[in-house]
Amino acid sequence: MLKQYYHEGAIEAGCDEAGRGCLAGSVYAAAVIFPADYVNDELNDSKQLTDRRRKMLREQIERDAVAWAVGIVTPEEIDKINILNASILAMHRALDQLKVRPEAIIVDGNKFKPYHDPQAKDGQTVPHTCVVKGDAKYLSIAAASILAKTYRDDYMDRLAEEYPQYDWKSNKGYPTKKHREAIKQHGITPYHRKSYNLLGDGQLELKFEF
């Protein structure tokens, strides 16, 4: 069973992102605060769950959480500030939207930037802790991974209707062989991350399909 919290006695938000390694689409992140005594044996790293199970758990998370929110950073922003900064910015945007203000933050991975609570009068940062593989260790991070993943998948499914040739319904923007073959054949869309090595070799000049 996953742990309930890292910072004992604090209102703690767990954060995670989805879509860092994709060639197309926005990066999504989520922040979740659970009650201090919250227990859910079904929660786990979103990558270990089926799509059906993730969607069922999303309903539970949104029902049970004290607060939750999703933050988004666009492909254009990713190209300007790079994907690491974009992932952190998406988490900050999710934190900004929480209806309950966190006193501590736990983040999946090993990189984060100090978060300044916009509602804090003194401008101090909220204490944070990075946890490698945190989505498999803490309930709130696992929940954030599920929200980020499912909301981003829904977004990519909508984009797939606009650009069906890239197989985003299946690959969600990740660099599959079919996705890269479609880029070679059709060029790129407004949703592709132009700062990425979209073809995998960096040699072919890309055309734009708008």
# chains A, B, ... in the order shown; residues from 1 in each chain; ligands from 1
>>> residues_around(residues="Arg54 (chain A)", least_positions_apart="2", cutoff="10 Å", atoms="only C-alpha atoms", output="PyMOL selection string")
chain A and resi 42-52+56-60+143+145-147+149-150
>>> residues_around(residues="Ile72 (chain A)", least_positions_apart="5", cutoff="8 Å", atoms="only C-alpha atoms", output="PyMOL selection string")
chain A and resi 26-29+90+93-94
>>> closest_residue(among="A:Pro175, A:Gly200, A:Gly19, A:Pro35", to="Trp68 (chain A)", atoms="only C-alpha atoms")
A:Pro35
>>> residues_around(residues="region 113-117 of chain A", least_positions_apart="3", cutoff="12 Å", atoms="only C-alpha atoms", output="number ranges by chain")
A: 13, 15, 84-98, 100-107, 110, 120-130
>>> atom_distance(atom1="CA of Ala24 (chain A)", atom2="CA of Ile81 (chain A)")
15.5 Å
>>> atom_distance(atom1="CA of Phe34 (chain A)", atom2="CA of Ser140 (chain A)")
6.6 Å
>>> atom_distance(atom1="CA of Ala36 (chain A)", atom2="CA of Glu62 (chain A)")
15.8 Å
>>> select_by_dssp(residues="region 99-192 of chain A", states="strand (DSSP E)", output="NGL selection string")
:A and (104-108 or 115-116 or 125-126 or 128-131)
